[in-house]
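First comes the structure, then the notes that go with it.
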Amino acid sequence: MSHVNLLDLPVEILHNIFDYLHIKTIFCSLRCSCSQLYNAIKTYKGFELDLTSASILQFECVSQIIHPECATGLIFSARNSQNWDRTNSFLKTFDIQQFIRLRSLTILDIDLTDLDDFLQRISSLPLTSLSIKLHDDHQRVLLPRLTSLIEQGNLRKLELLGLNYSLRALSWPKQCILNHLSITSCTYEEYLTILKQSPFLRTFILQTCFLTMNTIVSYVSYPQLTSLTINQFYSPLFNIKLLLSLTPSLASLKLICHRSDHDPLFNGLKWEEFIQTKLQFLKTFQFCFRQSVSTQMNNYVSLLSIVKGYHTPFWLETKRWFVTCDYVLSSISEIILYTTPVPIRNSKIFIRCNPSSNSYYFAKGFPKDDNDDTPDDKTPLDLDLTNTSKKSLDMRYLACALPQDTTIVSLNLNENKIGSDGIKYLVDGLKNNLTLITLDIGLNPMGDPGEERLRHVFEMNDVLQTLNVENNPVIMT
């Protein structure tokens with residue numbers, strides 16, 4: 001078996017190898033190793049420059065080592081922890097118009113004024129990918145230079161973060177050749193315009209989509225789109241279905257929806273029917289559906305009844321999409337149904353259902369993999385829900401997990417609005433609990449029936465050692 005020395009390779013193959021190496025490796029390790037590699041690097045024209053964290057002094061060093069025409073990618077941040085405004089220093093150090101091979105440009109944390117200057121300077125560059133993140137979110141700002149850049153026809157990928165798209169601010173070309181687009185938000189009418197005038201668009205990422213009943217009027221389909229992501233969708237299931245029906249060729253779909261009222265959005269059977277009839281090419285479906293449990297809600301919805309709609313052969317065998325359902329214990333309680341979880345602020349404990357065993361348990365985080373629906377962490381927990389506006393409905397969900405729980409040793413429900421019914425659910429849940437040692441339920445109006453039930457807690461539970469019911473006001477009837 002023959003051995004080939006790295007230095008015996010043609011310079012073209014060395015350049016191909018450099019394409020897979022970090023720029024620091026190329027300059028700090030290879031460049032100084034021998035004259036042959038030094039010369040190969042000197043003629044290499046595929047550098048991806050990441051100047052996100054570079055200091056102004058490092059700008060000078062990079063400009064002396066790498067010629068602008070040797071760079072094909074550039075990432076620049078107008079702000080970092082050392083310098084708040086670095087745009088002027090960057091533009092003084094580098095003549096960006098000399099980056100004649102630049103294909104990809106990412107501009108981060110930039111102001112509108114500096115962005116306009118940037119867009120003017122890069123108008124002649126052969127960019128195929130442009131990503132812009134503004135320092136502050138802006139509503140409907142005019143960007144005529146960006147419109148001109150799109151109209152030139154070189155761009156294939158465009159990302160605009162921190163900028164709310166508007167037809168009035170950014171005129172969309174009639175035959176746009178973009179195949180990847182990511183924007184912060186748009187209305188339904190603007191969404192339709194983009195699809196209509198972008199016949200080559202394959203991937204569309206929306207941070208927020210605004211949709212109302214009276215705006216859905218189009219019955220035209222746009223089969224060019226194969227991947228759609230909407231990270232904030234405030235609309236009922238009926239409207240969502242109408243929107244998705246416009247793009248029947250979707251192979252990948254990601255939806256994050258938040259509802260404050262009861263909606264069939266959680267209905268797995270309805271989703272199954274819709275996907276089988278309208279989205280027959282869908283291979284990947286990631287979603288996170290959230291519903292706030294407000295203080296006005298009194299209807300109990302079993303988590304098991306929700307998730308069992310997603311335990312049919314269609315979901316588990318045909319598609320292999322595994323769905324989890326949680327009750328989120330936070331200042332504002334939520335029911336969350338998901339294949340892909342999103343961070344929930346101020347939430348550390350979840351009540352999770354296990355449809356395989358028709359049971360519930362407490363979880364401290366999201367599942368580690370797609371099909372992980374069993375508890376794996378037995379570390380004792382102190383669950384503190386003090387002054388979090390918990391009421392009887394919350395206690396009903398809490399009581400579902402208490403009988404099988406093996407983790408909660410202390411439960412603090414001080415200063416809530418549990419009421420007599422809430423106490424009933426709580427006591428029922430504690431009957432067979434073998435872990436809870438301390439229960440604090442002070443400052444909760446519960447009435448005489450609630451107090452009577454609490455008197456029997458110790459009779460039913462041999463594990464509970466401390467029960468605090470201090471200053472519980474009695475509701476007058």
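Residues are named by chain letter and number: chains run A, B, ... in the order of the structure tokens, numbers start at 1 in each chain, and ligands are numbered from 1 in the order shown.
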
message = So that I can check the secondary structure, give me every residue of stretch 172-248 of chain A assigned alpha helix (DSSP H) by backbone DSSP, as a ChimeraX atom specification.
response = /A:188-196,237-244

Take the residues from that selection and write them out as an mmCIF file, in the first residue's frame, keeping N, CA and C atoms.
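Result saved to again34.cif:
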```
data_model
loop_
_atom_site.group_PDB
_atom_site.id
_atom_site.type_symbol
_atom_site.label_atom_id
_atom_site.label_comp_id
_atom_site.auth_asym_id
_atom_site.auth_seq_id
_atom_site.Cartn_x
_atom_site.Cartn_y
_atom_site.Cartn_z
ATOM 1 N N TYR A 188 -50.455 38.544 5.804
ATOM 2 C CA TYR A 188 -50.869 37.503 4.867
ATOM 3 C C TYR A 188 -50.755 37.987 3.420
ATOM 4 N N GLU A 189 -51.162 39.237 3.161
ATOM 5 C CA GLU A 189 -51.080 39.771 1.802
ATOM 6 C C GLU A 189 -49.639 39.820 1.316
ATOM 7 N N GLU A 190 -48.719 40.215 2.210
ATOM 8 C CA GLU A 190 -47.305 40.270 1.845
ATOM 9 C C GLU A 190 -46.741 38.866 1.613
ATOM 10 N N TYR A 191 -47.209 37.917 2.396
ATOM 11 C CA TYR A 191 -46.813 36.525 2.226
ATOM 12 C C TYR A 191 -47.213 36.030 0.835
ATOM 13 N N LEU A 192 -48.428 36.330 0.434
ATOM 14 C CA LEU A 192 -48.905 35.925 -0.887
ATOM 15 C C LEU A 192 -48.089 36.570 -2.009
ATOM 16 N N THR A 193 -47.769 37.852 -1.837
ATOM 17 C CA THR A 193 -46.993 38.552 -2.860
ATOM 18 C C THR A 193 -45.624 37.922 -3.039
ATOM 19 N N ILE A 194 -44.982 37.586 -1.938
ATOM 20 C CA ILE A 194 -43.656 36.964 -2.004
ATOM 21 C C ILE A 194 -43.732 35.623 -2.730
ATOM 22 N N LEU A 195 -44.716 34.796 -2.382
ATOM 23 C CA LEU A 195 -44.848 33.496 -3.037
ATOM 24 C C LEU A 195 -45.164 33.649 -4.525
ATOM 25 N N LYS A 196 -46.026 34.576 -4.837
ATOM 26 C CA LYS A 196 -46.441 34.780 -6.224
ATOM 27 C C LYS A 196 -45.285 35.237 -7.099
ATOM 28 N N LEU A 237 -56.619 27.096 14.239
ATOM 29 C CA LEU A 237 -56.286 25.999 13.334
ATOM 30 C C LEU A 237 -56.902 26.185 11.954
ATOM 31 N N PHE A 238 -58.121 26.683 11.882
ATOM 32 C CA PHE A 238 -58.791 26.860 10.595
ATOM 33 C C PHE A 238 -57.954 27.740 9.668
ATOM 34 N N ASN A 239 -57.458 28.860 10.193
ATOM 35 C CA ASN A 239 -56.651 29.767 9.375
ATOM 36 C C ASN A 239 -55.311 29.149 9.013
ATOM 37 N N ILE A 240 -54.723 28.421 9.951
ATOM 38 C CA ILE A 240 -53.436 27.780 9.686
ATOM 39 C C ILE A 240 -53.570 26.788 8.536
ATOM 40 N N LYS A 241 -54.644 26.017 8.541
ATOM 41 C CA LYS A 241 -54.862 25.044 7.467
ATOM 42 C C LYS A 241 -55.012 25.735 6.116
ATOM 43 N N LEU A 242 -55.742 26.838 6.097
ATOM 44 C CA LEU A 242 -55.912 27.561 4.841
ATOM 45 C C LEU A 242 -54.575 28.074 4.321
ATOM 46 N N LEU A 243 -53.744 28.563 5.215
ATOM 47 C CA LEU A 243 -52.428 29.064 4.817
ATOM 48 C C LEU A 243 -51.567 27.929 4.266
ATOM 49 N N LEU A 244 -51.538 26.807 4.953
ATOM 50 C CA LEU A 244 -50.697 25.689 4.536
ATOM 51 C C LEU A 244 -51.198 25.049 3.245
#
```

All strand (DSSP E or B) residues (DSSP, backbone) inside stretch 248-401 of chain A, as a PDB file with N, CA and C atoms, in the first residue's frame:
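Result file out_0.pdb:
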```
ATOM      1  N   SER A 252     -40.957  19.850   4.509  1.00  0.00           N
ATOM      2  CA  SER A 252     -40.530  20.174   5.869  1.00  0.00           C
ATOM      3  C   SER A 252     -41.364  21.335   6.390  1.00  0.00           C
ATOM      4  N   LEU A 253     -41.907  21.160   7.597  1.00  0.00           N
ATOM      5  CA  LEU A 253     -42.765  22.182   8.192  1.00  0.00           C
ATOM      6  C   LEU A 253     -42.446  22.315   9.672  1.00  0.00           C
ATOM      7  N   LYS A 254     -42.253  23.550  10.112  1.00  0.00           N
ATOM      8  CA  LYS A 254     -42.051  23.837  11.530  1.00  0.00           C
ATOM      9  C   LYS A 254     -42.994  24.957  11.936  1.00  0.00           C
ATOM     10  N   LEU A 255     -43.815  24.700  12.966  1.00  0.00           N
ATOM     11  CA  LEU A 255     -44.792  25.673  13.436  1.00  0.00           C
ATOM     12  C   LEU A 255     -44.686  25.843  14.945  1.00  0.00           C
ATOM     13  N   ILE A 256     -44.652  27.087  15.395  1.00  0.00           N
ATOM     14  CA  ILE A 256     -44.739  27.397  16.820  1.00  0.00           C
ATOM     15  C   ILE A 256     -45.923  28.332  16.991  1.00  0.00           C
ATOM     16  N   CYS A 257     -46.960  27.837  17.645  1.00  0.00           N
ATOM     17  CA  CYS A 257     -48.211  28.589  17.776  1.00  0.00           C
ATOM     18  C   CYS A 257     -48.558  28.767  19.239  1.00  0.00           C
ATOM     19  N   HIS A 258     -49.117  29.916  19.563  1.00  0.00           N
ATOM     20  CA  HIS A 258     -49.523  30.221  20.931  1.00  0.00           C
ATOM     21  C   HIS A 258     -50.956  30.726  20.911  1.00  0.00           C
ATOM     22  N   ARG A 259     -51.822  30.011  21.626  1.00  0.00           N
ATOM     23  CA  ARG A 259     -53.224  30.392  21.710  1.00  0.00           C
ATOM     24  C   ARG A 259     -53.593  30.664  23.161  1.00  0.00           C
ATOM     25  N   THR A 284     -41.055  15.911   7.293  1.00  0.00           N
ATOM     26  CA  THR A 284     -40.630  16.406   8.607  1.00  0.00           C
ATOM     27  C   THR A 284     -41.636  17.427   9.114  1.00  0.00           C
ATOM     28  N   PHE A 285     -42.189  17.174  10.299  1.00  0.00           N
ATOM     29  CA  PHE A 285     -43.151  18.092  10.914  1.00  0.00           C
ATOM     30  C   PHE A 285     -42.716  18.335  12.357  1.00  0.00           C
ATOM     31  N   GLN A 286     -42.200  19.519  12.599  1.00  0.00           N
ATOM     32  CA  GLN A 286     -41.804  19.934  13.939  1.00  0.00           C
ATOM     33  C   GLN A 286     -42.772  21.012  14.406  1.00  0.00           C
ATOM     34  N   PHE A 287     -43.285  20.856  15.619  1.00  0.00           N
ATOM     35  CA  PHE A 287     -44.221  21.868  16.100  1.00  0.00           C
ATOM     36  C   PHE A 287     -44.144  22.012  17.611  1.00  0.00           C
ATOM     37  N   CYS A 288     -44.601  23.163  18.047  1.00  0.00           N
ATOM     38  CA  CYS A 288     -44.783  23.432  19.472  1.00  0.00           C
ATOM     39  C   CYS A 288     -46.043  24.275  19.597  1.00  0.00           C
ATOM     40  N   PHE A 289     -47.108  23.683  20.134  1.00  0.00           N
ATOM     41  CA  PHE A 289     -48.383  24.367  20.316  1.00  0.00           C
ATOM     42  C   PHE A 289     -48.559  24.677  21.798  1.00  0.00           C
ATOM     43  N   ARG A 290     -48.810  25.924  22.102  1.00  0.00           N
ATOM     44  CA  ARG A 290     -48.947  26.352  23.495  1.00  0.00           C
ATOM     45  C   ARG A 290     -50.303  27.006  23.719  1.00  0.00           C
ATOM     46  N   GLN A 291     -50.923  26.694  24.838  1.00  0.00           N
ATOM     47  CA  GLN A 291     -52.187  27.316  25.219  1.00  0.00           C
ATOM     48  C   GLN A 291     -52.098  27.777  26.655  1.00  0.00           C
ATOM     49  N   SER A 292     -52.273  29.065  26.864  1.00  0.00           N
ATOM     50  CA  SER A 292     -52.238  29.623  28.213  1.00  0.00           C
ATOM     51  C   SER A 292     -53.464  29.180  28.994  1.00  0.00           C
ATOM     52  N   THR A 324     -45.089  14.994  22.584  1.00  0.00           N
ATOM     53  CA  THR A 324     -45.124  15.048  24.044  1.00  0.00           C
ATOM     54  C   THR A 324     -46.084  16.148  24.479  1.00  0.00           C
ATOM     55  N   CYS A 325     -46.760  15.921  25.613  1.00  0.00           N
ATOM     56  CA  CYS A 325     -47.685  16.919  26.144  1.00  0.00           C
ATOM     57  C   CYS A 325     -47.340  17.204  27.601  1.00  0.00           C
ATOM     58  N   ASP A 326     -47.179  18.486  27.935  1.00  0.00           N
ATOM     59  CA  ASP A 326     -46.813  18.913  29.285  1.00  0.00           C
ATOM     60  C   ASP A 326     -47.794  19.952  29.806  1.00  0.00           C
ATOM     61  N   TYR A 327     -47.878  19.993  31.124  1.00  0.00           N
ATOM     62  CA  TYR A 327     -48.529  21.118  31.798  1.00  0.00           C
ATOM     63  C   TYR A 327     -47.408  21.906  32.457  1.00  0.00           C
ATOM     64  N   VAL A 328     -47.251  23.166  32.050  1.00  0.00           N
ATOM     65  CA  VAL A 328     -46.123  23.971  32.500  1.00  0.00           C
ATOM     66  C   VAL A 328     -46.501  24.733  33.765  1.00  0.00           C
ATOM     67  N   GLU A 334     -49.424  26.820  31.422  1.00  0.00           N
ATOM     68  CA  GLU A 334     -49.652  26.543  30.008  1.00  0.00           C
ATOM     69  C   GLU A 334     -49.744  25.038  29.773  1.00  0.00           C
ATOM     70  N   ILE A 335     -50.518  24.680  28.755  1.00  0.00           N
ATOM     71  CA  ILE A 335     -50.445  23.336  28.188  1.00  0.00           C
ATOM     72  C   ILE A 335     -49.592  23.450  26.938  1.00  0.00           C
ATOM     73  N   ILE A 336     -48.598  22.597  26.833  1.00  0.00           N
ATOM     74  CA  ILE A 336     -47.682  22.668  25.705  1.00  0.00           C
ATOM     75  C   ILE A 336     -47.600  21.294  25.055  1.00  0.00           C
ATOM     76  N   LEU A 337     -47.861  21.264  23.755  1.00  0.00           N
ATOM     77  CA  LEU A 337     -47.837  20.039  22.965  1.00  0.00           C
ATOM     78  C   LEU A 337     -46.760  20.205  21.902  1.00  0.00           C
ATOM     79  N   TYR A 338     -45.849  19.250  21.790  1.00  0.00           N
ATOM     80  CA  TYR A 338     -44.700  19.519  20.933  1.00  0.00           C
ATOM     81  C   TYR A 338     -43.999  18.256  20.449  1.00  0.00           C
ATOM     82  N   PHE A 350     -42.271  20.512  34.914  1.00  0.00           N
ATOM     83  CA  PHE A 350     -43.377  20.228  34.021  1.00  0.00           C
ATOM     84  C   PHE A 350     -44.126  18.996  34.528  1.00  0.00           C
ATOM     85  N   ILE A 351     -45.438  18.989  34.319  1.00  0.00           N
ATOM     86  CA  ILE A 351     -46.221  17.779  34.539  1.00  0.00           C
ATOM     87  C   ILE A 351     -46.376  17.116  33.173  1.00  0.00           C
ATOM     88  N   ARG A 352     -45.817  15.915  33.031  1.00  0.00           N
ATOM     89  CA  ARG A 352     -45.790  15.247  31.733  1.00  0.00           C
ATOM     90  C   ARG A 352     -46.624  13.979  31.789  1.00  0.00           C
ATOM     91  N   CYS A 353     -47.324  13.697  30.706  1.00  0.00           N
ATOM     92  CA  CYS A 353     -48.123  12.480  30.661  1.00  0.00           C
ATOM     93  C   CYS A 353     -47.385  11.396  29.896  1.00  0.00           C
ATOM     94  N   ASN A 354     -47.611  10.160  30.305  1.00  0.00           N
ATOM     95  CA  ASN A 354     -47.028   8.993  29.648  1.00  0.00           C
ATOM     96  C   ASN A 354     -48.176   8.125  29.137  1.00  0.00           C
ATOM     97  N   SER A 359     -50.266   7.386  32.734  1.00  0.00           N
ATOM     98  CA  SER A 359     -49.836   7.996  33.989  1.00  0.00           C
ATOM     99  C   SER A 359     -49.204   9.361  33.744  1.00  0.00           C
ATOM    100  N   TYR A 360     -48.930  10.063  34.840  1.00  0.00           N
ATOM    101  CA  TYR A 360     -48.298  11.369  34.800  1.00  0.00           C
ATOM    102  C   TYR A 360     -47.075  11.358  35.712  1.00  0.00           C
ATOM    103  N   TYR A 361     -46.148  12.266  35.428  1.00  0.00           N
ATOM    104  CA  TYR A 361     -44.992  12.401  36.312  1.00  0.00           C
ATOM    105  C   TYR A 361     -44.443  13.818  36.194  1.00  0.00           C
ATOM    106  N   PHE A 362     -43.632  14.204  37.177  1.00  0.00           N
ATOM    107  CA  PHE A 362     -42.971  15.504  37.150  1.00  0.00           C
ATOM    108  C   PHE A 362     -41.677  15.387  36.361  1.00  0.00           C
ATOM    109  N   ALA A 363     -41.402  16.377  35.510  1.00  0.00           N
ATOM    110  CA  ALA A 363     -40.177  16.400  34.721  1.00  0.00           C
ATOM    111  C   ALA A 363     -39.493  17.749  34.923  1.00  0.00           C
ATOM    112  N   LEU A 381     -36.803  17.009  44.682  1.00  0.00           N
ATOM    113  CA  LEU A 381     -37.101  18.375  44.270  1.00  0.00           C
ATOM    114  C   LEU A 381     -37.926  19.097  45.316  1.00  0.00           C
ATOM    115  N   ASP A 382     -37.676  20.406  45.419  1.00  0.00           N
ATOM    116  CA  ASP A 382     -38.530  21.310  46.183  1.00  0.00           C
ATOM    117  C   ASP A 382     -39.307  22.147  45.173  1.00  0.00           C
ATOM    118  N   LEU A 383     -40.613  21.963  45.132  1.00  0.00           N
ATOM    119  CA  LEU A 383     -41.444  22.679  44.166  1.00  0.00           C
ATOM    120  C   LEU A 383     -42.072  23.880  44.848  1.00  0.00           C
ATOM    121  N   ASP A 384     -41.607  25.074  44.482  1.00  0.00           N
ATOM    122  CA  ASP A 384     -42.071  26.316  45.098  1.00  0.00           C
ATOM    123  C   ASP A 384     -42.964  27.069  44.120  1.00  0.00           C
ATOM    124  N   LYS A 391     -54.828  28.120  40.986  1.00  0.00           N
ATOM    125  CA  LYS A 391     -56.208  27.959  41.425  1.00  0.00           C
ATOM    126  C   LYS A 391     -56.584  26.488  41.339  1.00  0.00           C
TER     127      LYS A 391
END
```

Spatial neighbours of A:Gly268, max dist 10 Å, only C-alpha atoms, sep filter under 6 positions, as a PDB file with N, CA and C atoms, in the first residue's frame:
```pdb
ATOM      1  N   PHE A 274     -55.696  16.275   7.753  1.00  0.00           N
ATOM      2  CA  PHE A 274     -55.256  17.395   6.915  1.00  0.00           C
ATOM      3  C   PHE A 274     -53.960  17.058   6.179  1.00  0.00           C
ATOM      4  N   ILE A 306     -55.290  14.473  25.031  1.00  0.00           N
ATOM      5  CA  ILE A 306     -54.683  15.248  23.942  1.00  0.00           C
ATOM      6  C   ILE A 306     -53.644  14.422  23.207  1.00  0.00           C
ATOM      7  N   VAL A 307     -52.711  13.853  23.957  1.00  0.00           N
ATOM      8  CA  VAL A 307     -51.566  13.192  23.331  1.00  0.00           C
ATOM      9  C   VAL A 307     -51.950  11.869  22.685  1.00  0.00           C
ATOM     10  N   LYS A 308     -53.041  11.233  23.137  1.00  0.00           N
ATOM     11  CA  LYS A 308     -53.429   9.966  22.526  1.00  0.00           C
ATOM     12  C   LYS A 308     -53.878  10.135  21.077  1.00  0.00           C
ATOM     13  N   GLY A 309     -54.295  11.343  20.705  1.00  0.00           N
ATOM     14  CA  GLY A 309     -54.609  11.606  19.308  1.00  0.00           C
ATOM     15  C   GLY A 309     -53.391  11.536  18.404  1.00  0.00           C
ATOM     16  N   TYR A 310     -52.202  11.558  19.031  1.00  0.00           N
ATOM     17  CA  TYR A 310     -50.949  11.478  18.281  1.00  0.00           C
ATOM     18  C   TYR A 310     -50.269  10.124  18.466  1.00  0.00           C
ATOM     19  N   HIS A 311     -50.999   9.152  18.996  1.00  0.00           N
ATOM     20  CA  HIS A 311     -50.461   7.804  19.177  1.00  0.00           C
ATOM     21  C   HIS A 311     -51.167   6.804  18.262  1.00  0.00           C
ATOM     22  N   THR A 312     -51.446   7.256  17.056  1.00  0.00           N
ATOM     23  CA  THR A 312     -52.034   6.388  16.036  1.00  0.00           C
ATOM     24  C   THR A 312     -50.911   5.847  15.149  1.00  0.00           C
ATOM     25  N   TRP A 315     -48.906   8.534  13.127  1.00  0.00           N
ATOM     26  CA  TRP A 315     -47.873   9.323  13.796  1.00  0.00           C
ATOM     27  C   TRP A 315     -46.679   8.473  14.218  1.00  0.00           C
ATOM     28  N   VAL A 323     -44.770  12.826  19.794  1.00  0.00           N
ATOM     29  CA  VAL A 323     -45.355  14.031  20.373  1.00  0.00           C
ATOM     30  C   VAL A 323     -45.421  13.901  21.894  1.00  0.00           C
TER      31      VAL A 323
END
```

inquiry  = Measuring between only C-alpha atoms, which one of A:Leu160, A:Leu181, A:Val220, A:Ile66 shows the shortest distance to A:Phe99?
reply    = A:Ile66

Which neighbours of A:Thr43 fall inside 9 Å, counting only C-alpha atoms, when residues of the same chain fewer than 5 positions from it are skipped, and could you give them as a PDB file with N, CA and C atoms, in the first residue's frame?
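Dumped to part_25.pdb:
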```pdb
ATOM      1  N   VAL A  11      -1.485  21.592  -5.866  1.00  0.00           N
ATOM      2  CA  VAL A  11      -1.958  22.741  -5.097  1.00  0.00           C
ATOM      3  C   VAL A  11      -3.483  22.850  -5.146  1.00  0.00           C
ATOM      4  N   HIS A  15      -5.913  23.208  -1.923  1.00  0.00           N
ATOM      5  CA  HIS A  15      -6.934  24.256  -1.772  1.00  0.00           C
ATOM      6  C   HIS A  15      -8.285  23.648  -1.401  1.00  0.00           C
ATOM      7  N   TYR A  38       3.102  27.393   2.791  1.00  0.00           N
ATOM      8  CA  TYR A  38       3.002  28.856   2.844  1.00  0.00           C
ATOM      9  C   TYR A  38       2.588  29.396   1.478  1.00  0.00           C
ATOM     10  N   CYS A  70      -9.207  37.366  -1.906  1.00  0.00           N
ATOM     11  CA  CYS A  70      -9.053  35.960  -1.527  1.00  0.00           C
ATOM     12  C   CYS A  70     -10.171  35.477  -0.609  1.00  0.00           C
TER      13      CYS A  70
END
```

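Residues in contact range of A:Asp85, defined as at most 10 Å between only C-alpha atoms, with sequence neighbours fewer than 3 positions away removed, read A:Ser77, A:Ala78, A:Arg79, A:Asn80, A:Gln82, A:Asn88, A:Ser89, A:Phe90, A:Asp109, A:Ile110, A:Asp111, A:Asp114.
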
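Distances to A:Gly365 were evaluated for A:Asn387, A:Gly419, A:Leu398, A:Val342 using only C-alpha atoms, and the minimum falls at A:Val342.
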
task = Show which residues sit within 12 Å of stretch 28-31 of chain A, as a ChimeraX atom specification. Count only C-alpha atoms, and ignore same-chain residues fewer than 5 positions away.
result = /A:6-7,14,17-18,21-23,36-44,65

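The coordinates place atom CA of A:Arg320 at 28.9 Å from atom CA of A:Asp405.
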